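Next up, structure-v4.tsv (TSV, C-alpha atoms):
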```
chain	number	residue	atom	x	y	z
A	118	MET	CA	60.56	-28.57	31.43
A	119	THR	CA	59.36	-27.57	27.99
A	120	PRO	CA	56.73	-29.32	25.89
A	121	SER	CA	57.73	-31.23	22.78
A	122	ALA	CA	56.36	-30.78	19.27
A	123	ALA	CA	54.28	-33.91	19.84
A	124	ASP	CA	52.23	-32.01	22.46
A	125	THR	CA	50.29	-30.12	19.79
A	126	SER	CA	47.33	-31.10	17.70
A	127	LEU	CA	47.18	-27.86	15.73
A	128	PRO	CA	47.43	-28.26	11.97
A	129	PRO	CA	50.47	-26.50	10.42
A	130	ALA	CA	48.30	-23.59	9.20
A	131	GLY	CA	46.94	-23.24	12.75
A	132	GLU	CA	50.46	-23.00	14.18
A	133	ARG	CA	51.39	-20.28	11.69
A	134	LEU	CA	48.19	-18.37	12.51
A	135	ALA	CA	48.90	-18.66	16.23
A	136	VAL	CA	52.44	-17.32	15.72
A	137	ALA	CA	51.11	-14.45	13.56
A	138	ARG	CA	48.67	-13.52	16.38
A	139	ILE	CA	51.50	-13.64	18.94
A	140	VAL	CA	53.80	-11.48	16.79
A	141	ALA	CA	51.04	-8.90	16.24
A	142	PHE	CA	50.35	-8.83	19.99
A	143	PHE	CA	53.98	-8.23	20.96
A	144	GLU	CA	54.58	-5.60	18.30
A	145	ALA	CA	51.56	-3.60	19.53
A	146	LEU	CA	52.06	-4.35	23.27
A	147	GLN	CA	51.09	-1.49	25.62
A	148	PRO	CA	50.85	-1.47	29.42
A	149	ALA	CA	47.08	-2.18	29.42
A	150	ASP	CA	47.64	-5.24	27.19
A	151	VAL	CA	49.51	-7.11	29.93
A	152	ALA	CA	46.08	-7.95	31.38
A	153	ARG	CA	45.26	-9.73	28.06
A	154	MET	CA	48.28	-12.02	28.11
A	155	GLY	CA	46.03	-14.96	28.98
A	156	GLU	CA	44.84	-14.82	25.36
A	157	PHE	CA	48.40	-15.72	24.29
A	158	TYR	CA	49.97	-17.62	27.23
A	159	SER	CA	48.76	-20.80	28.89
A	160	PRO	CA	47.91	-20.54	32.61
A	161	GLN	CA	50.99	-22.68	33.42
A	162	ALA	CA	53.34	-20.83	31.04
A	163	TRP	CA	57.07	-20.70	31.74
A	164	PHE	CA	59.18	-17.64	30.81
A	165	LYS	CA	62.93	-17.07	31.06
A	166	ASP	CA	65.25	-14.28	30.00
A	167	PRO	CA	68.69	-13.20	31.29
A	168	PHE	CA	67.11	-11.54	34.36
A	169	ASN	CA	63.87	-13.41	35.08
A	170	GLU	CA	62.40	-16.86	35.37
A	171	ALA	CA	58.64	-16.97	35.81
A	172	ARG	CA	56.17	-19.83	36.11
A	173	GLY	CA	52.48	-19.25	35.62
A	174	LEU	CA	50.60	-16.56	33.78
A	175	ALA	CA	50.48	-14.14	36.75
A	176	GLU	CA	54.27	-14.27	37.11
A	177	VAL	CA	54.79	-13.74	33.37
A	178	GLN	CA	52.47	-10.74	33.56
A	179	ARG	CA	54.48	-9.42	36.53
A	180	VAL	CA	57.69	-9.52	34.43
A	181	PHE	CA	56.09	-7.59	31.58
A	182	SER	CA	54.38	-5.11	33.93
A	183	HIS	CA	57.75	-4.36	35.51
A	184	MET	CA	59.17	-3.62	32.06
A	185	TYR	CA	56.82	-0.63	31.84
A	186	VAL	CA	57.84	0.56	35.32
A	187	ALA	CA	61.58	0.35	34.58
A	188	LEU	CA	61.66	1.55	30.95
A	189	ASP	CA	60.17	4.34	28.89
A	190	GLN	CA	58.21	3.45	25.74
A	191	PRO	CA	59.43	-0.16	25.32
A	192	ASN	CA	58.54	-1.65	21.95
A	193	PHE	CA	59.24	-4.97	20.22
A	194	VAL	CA	59.88	-5.19	16.48
A	195	VAL	CA	59.95	-8.76	15.18
A	196	THR	CA	62.55	-8.99	12.42
A	197	GLY	CA	62.29	-12.69	11.55
A	198	GLN	CA	60.48	-15.89	12.38
A	199	PHE	CA	60.87	-19.60	11.88
A	200	VAL	CA	57.92	-21.90	12.64
A	201	ASP	CA	58.47	-25.64	12.98
A	202	GLY	CA	55.48	-27.53	14.29
A	203	ALA	CA	54.54	-26.42	17.78
A	204	GLN	CA	57.60	-24.26	18.23
A	205	CYS	CA	58.99	-21.13	16.68
A	206	PHE	CA	61.97	-18.86	16.95
A	207	LEU	CA	61.48	-15.11	16.61
A	208	THR	CA	64.26	-12.58	16.16
A	209	TRP	CA	63.52	-9.08	17.36
A	210	ASN	CA	64.72	-5.63	18.23
A	211	PHE	CA	63.61	-4.29	21.58
A	212	VAL	CA	63.60	-0.49	21.47
A	213	PHE	CA	63.25	1.64	24.61
A	214	ARG	CA	64.64	4.49	26.64
A	215	PHE	CA	66.01	4.22	30.15
A	216	LYS	CA	64.00	6.25	32.65
A	217	ARG	CA	67.04	7.08	34.80
A	218	PHE	CA	70.12	6.94	32.52
A	219	SER	CA	70.22	9.15	29.42
A	220	PRO	CA	66.42	9.18	29.09
A	221	GLU	CA	66.65	11.09	25.80
A	222	VAL	CA	68.65	8.30	24.07
A	223	TRP	CA	66.82	5.45	22.36
A	224	GLN	CA	68.34	2.03	23.07
A	225	THR	CA	68.05	-1.19	21.06
A	226	VAL	CA	68.54	-4.73	22.32
A	227	ARG	CA	68.73	-7.41	19.64
A	228	GLY	CA	67.64	-10.88	20.59
A	229	GLY	CA	65.50	-13.89	19.94
A	230	SER	CA	62.65	-15.84	21.53
A	231	HIS	CA	62.09	-19.59	21.41
A	232	LEU	CA	58.40	-20.34	21.91
A	233	HIS	CA	56.61	-23.67	22.40
A	234	LEU	CA	52.87	-23.65	21.75
A	235	ASN	CA	50.33	-25.96	23.35
A	236	ALA	CA	47.44	-27.66	21.53
A	237	ASP	CA	45.36	-24.49	21.87
A	238	GLY	CA	48.01	-22.35	20.17
A	239	LEU	CA	48.96	-20.66	23.46
A	240	ILE	CA	52.53	-20.11	24.58
A	241	ALA	CA	53.51	-22.90	26.97
A	242	SER	CA	57.16	-21.83	27.21
A	243	HIS	CA	58.97	-18.66	26.19
A	244	ARG	CA	62.76	-18.37	26.41
A	245	ASP	CA	64.45	-15.11	25.43
A	246	TYR	CA	68.06	-15.10	24.28
A	247	TRP	CA	70.12	-11.92	24.22
A	248	ASP	CA	73.56	-10.83	25.34
A	249	ALA	CA	73.02	-8.81	28.52
A	250	ALA	CA	76.66	-7.64	28.62
A	251	GLU	CA	76.74	-6.24	25.09
A	252	GLU	CA	73.15	-5.18	24.71
A	253	LEU	CA	72.54	-3.69	28.16
A	254	TYR	CA	75.45	-3.46	30.62
A	255	GLU	CA	77.76	-1.70	28.13
A	256	LYS	CA	75.14	1.05	27.76
A	257	LEU	CA	74.98	1.88	31.47
A	258	PRO	CA	77.17	4.54	33.08
A	259	VAL	CA	80.08	3.22	35.16
A	260	VAL	CA	79.16	-0.44	34.54
A	261	GLY	CA	79.45	0.20	30.79
A	262	SER	CA	83.01	1.48	31.11
A	263	LEU	CA	83.98	-1.57	33.12
A	264	MET	CA	82.30	-3.96	30.64
A	265	ARG	CA	84.05	-2.35	27.66
A	266	TRP	CA	87.40	-2.52	29.48
A	267	LEU	CA	86.86	-6.20	30.31
A	268	LYS	CA	85.93	-6.90	26.68
A	269	ARG	CA	89.12	-5.23	25.44
A	270	ARG	CA	91.22	-7.19	27.95
A	271	ALA	CA	89.60	-10.48	26.94
A	272	ASN	CA	90.35	-9.77	23.27
A	273	GLN	CA	94.09	-9.10	23.84
```
Please express what this file holds, its structure, as structure tokens.
Amino acid sequence: MTPSAADTSLPPAGERLAVARIVAFFEALQPADVARMGEFYSPQAWFKDPFNEARGLAEVQRVFSHMYVALDQPNFVVTGQFVDGAQCFLTWNFVFRFKRFSPEVWQTVRGGSHLHLNADGLIASHRDYWDAAEELYEKLPVVGSLMRWLKRRANQ
């Protein structure tokens, strides 16, 4: 369950400042910063993306820690933002290299995040939206060939 806009008591300028802090954090995120996520997420935070669903700060931190184990030099670049009360939508590019598949090739996943903030300006819920088939599976050996073939067949 996600909080509603009525759950916040931050003034509009406070919401925009909170979002600016969050954007700056994610754009500069490094492995050691995962320990600081409590400065940006509530203890009961909920996170979901195409591969994970996490409840609680420790589980959210686990998801982001794993990102650094699985990928080389992951980096978020926020390309747009819309703030409406206690929620915002961020568009982003996620740039990284696979550690095992073509490690010399930079990859980019384009997506968006829907965030709900609590009264303290912390992230209460964070839902990432991106197309795993197009943005990830098609880039993998073997699976990528199959995904591209399926896409062609679906478009005939």
Taking 3 positions as the minimum chain separation for residues in the same chain, which residues sit within 12 Å of segment 195-205 of chain A when counting only C-alpha atoms? Answer as a short mmCIF file (atom, residue, chain, number, x, y, z; two decimals) with C-alpha atoms, in the coordinates of the input.
```cif
data_model
loop_
_atom_site.label_atom_id
_atom_site.label_comp_id
_atom_site.auth_asym_id
_atom_site.auth_seq_id
_atom_site.Cartn_x
_atom_site.Cartn_y
_atom_site.Cartn_z
CA THR A 119 59.36 -27.57 27.99
CA PRO A 120 56.73 -29.32 25.89
CA SER A 121 57.73 -31.23 22.78
CA ALA A 122 56.36 -30.78 19.27
CA ALA A 123 54.28 -33.91 19.84
CA ASP A 124 52.23 -32.01 22.46
CA THR A 125 50.29 -30.12 19.79
CA SER A 126 47.33 -31.10 17.70
CA LEU A 127 47.18 -27.86 15.73
CA PRO A 128 47.43 -28.26 11.97
CA PRO A 129 50.47 -26.50 10.42
CA ALA A 130 48.30 -23.59 9.20
CA GLY A 131 46.94 -23.24 12.75
CA GLU A 132 50.46 -23.00 14.18
CA ARG A 133 51.39 -20.28 11.69
CA LEU A 134 48.19 -18.37 12.51
CA ALA A 135 48.90 -18.66 16.23
CA VAL A 136 52.44 -17.32 15.72
CA ALA A 137 51.11 -14.45 13.56
CA ILE A 139 51.50 -13.64 18.94
CA VAL A 140 53.80 -11.48 16.79
CA ALA A 141 51.04 -8.90 16.24
CA PHE A 142 50.35 -8.83 19.99
CA PHE A 143 53.98 -8.23 20.96
CA GLU A 144 54.58 -5.60 18.30
CA ALA A 145 51.56 -3.60 19.53
CA ASN A 192 58.54 -1.65 21.95
CA THR A 208 64.26 -12.58 16.16
CA TRP A 209 63.52 -9.08 17.36
CA ASN A 210 64.72 -5.63 18.23
CA PHE A 211 63.61 -4.29 21.58
CA VAL A 212 63.60 -0.49 21.47
CA VAL A 226 68.54 -4.73 22.32
CA ARG A 227 68.73 -7.41 19.64
CA GLY A 228 67.64 -10.88 20.59
CA GLY A 229 65.50 -13.89 19.94
CA SER A 230 62.65 -15.84 21.53
CA HIS A 231 62.09 -19.59 21.41
CA LEU A 232 58.40 -20.34 21.91
CA HIS A 233 56.61 -23.67 22.40
CA LEU A 234 52.87 -23.65 21.75
CA ASN A 235 50.33 -25.96 23.35
CA ALA A 236 47.44 -27.66 21.53
CA ASP A 237 45.36 -24.49 21.87
CA GLY A 238 48.01 -22.35 20.17
CA LEU A 239 48.96 -20.66 23.46
CA ILE A 240 52.53 -20.11 24.58
CA ALA A 241 53.51 -22.90 26.97
CA SER A 242 57.16 -21.83 27.21
CA HIS A 243 58.97 -18.66 26.19
CA ARG A 244 62.76 -18.37 26.41
CA ASP A 245 64.45 -15.11 25.43
#
```
Nearest to Gln147 of chain A among A:Ala249, A:Ala171, A:Leu207, A:Val186, with distances taken over all atoms listed in the file: which residue is it?
->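 Using all atoms listed in the file, the shortest distance to Gln147 of chain A belongs to A:Val186.
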Would you work out the distance separating atom CA of Lys165 of chain A from atom CA of Val177 of chain A, expressed in Å to one decimal?
->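 Here the two named atoms are 9.1 Å from each other.
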For each of A:Pro167, A:Arg138, A:Gln178, A:Pro220, take the minimum atom-to-atom distance to Met154 of chain A, counting all atoms listed in the file, then give the residue where this is smallest.
->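 Among the listed residues, A:Gln178 lies closest to Met154 of chain A.
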Pairwise distance for atom CA of Gln224 of chain A and atom CA of Val194 of chain A, rounded to one decimal in Å =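 Answer for the atom CA of Gln224 of chain A to atom CA of Val194 of chain A separation: 12.9 Å.
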Provide an axis-aligned box for all listed atoms of segment 203-222 of chain A, padding each side by 8 Å; report its centre and its edge lengths in Å to one decimal, as JSON.
```
{"center_x": 62.4, "center_y": -7.7, "center_z": 25.5, "size_x": 31.7, "size_y": 53.5, "size_z": 34.6}
```
Which residue of A:Asn169, A:Gln161, A:Asn272, A:Ser182 approaches Ala149 of chain A most closely, using all atoms listed in the file =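 Among A:Asn169, A:Gln161, A:Asn272, A:Ser182, it is A:Ser182 that comes nearest to Ala149 of chain A.
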Quote the spacing between atom CA of Phe181 of chain A and atom CA of Tyr246 of chain A in Å to one decimal place.
->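 Calculated distance between atom CA of Phe181 of chain A and atom CA of Tyr246 of chain A is 15.9 Å.
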For Gln190 of chain A, which of A:Arg153, A:Val222, A:Gln273, A:Ala162 is the closest residue, counting all atoms listed in the file?
->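 Residue with the minimum atom-to-atom distance to Gln190 of chain A: A:Val222.
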Go through A:Phe215, A:Ala152, A:Arg179, A:Ser159 and flag the residue nearest Pro191 of chain A, using all atoms listed in the file for the distances.
->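 Comparing A:Phe215, A:Ala152, A:Arg179, A:Ser159 against Pro191 of chain A, the winner is A:Phe215.
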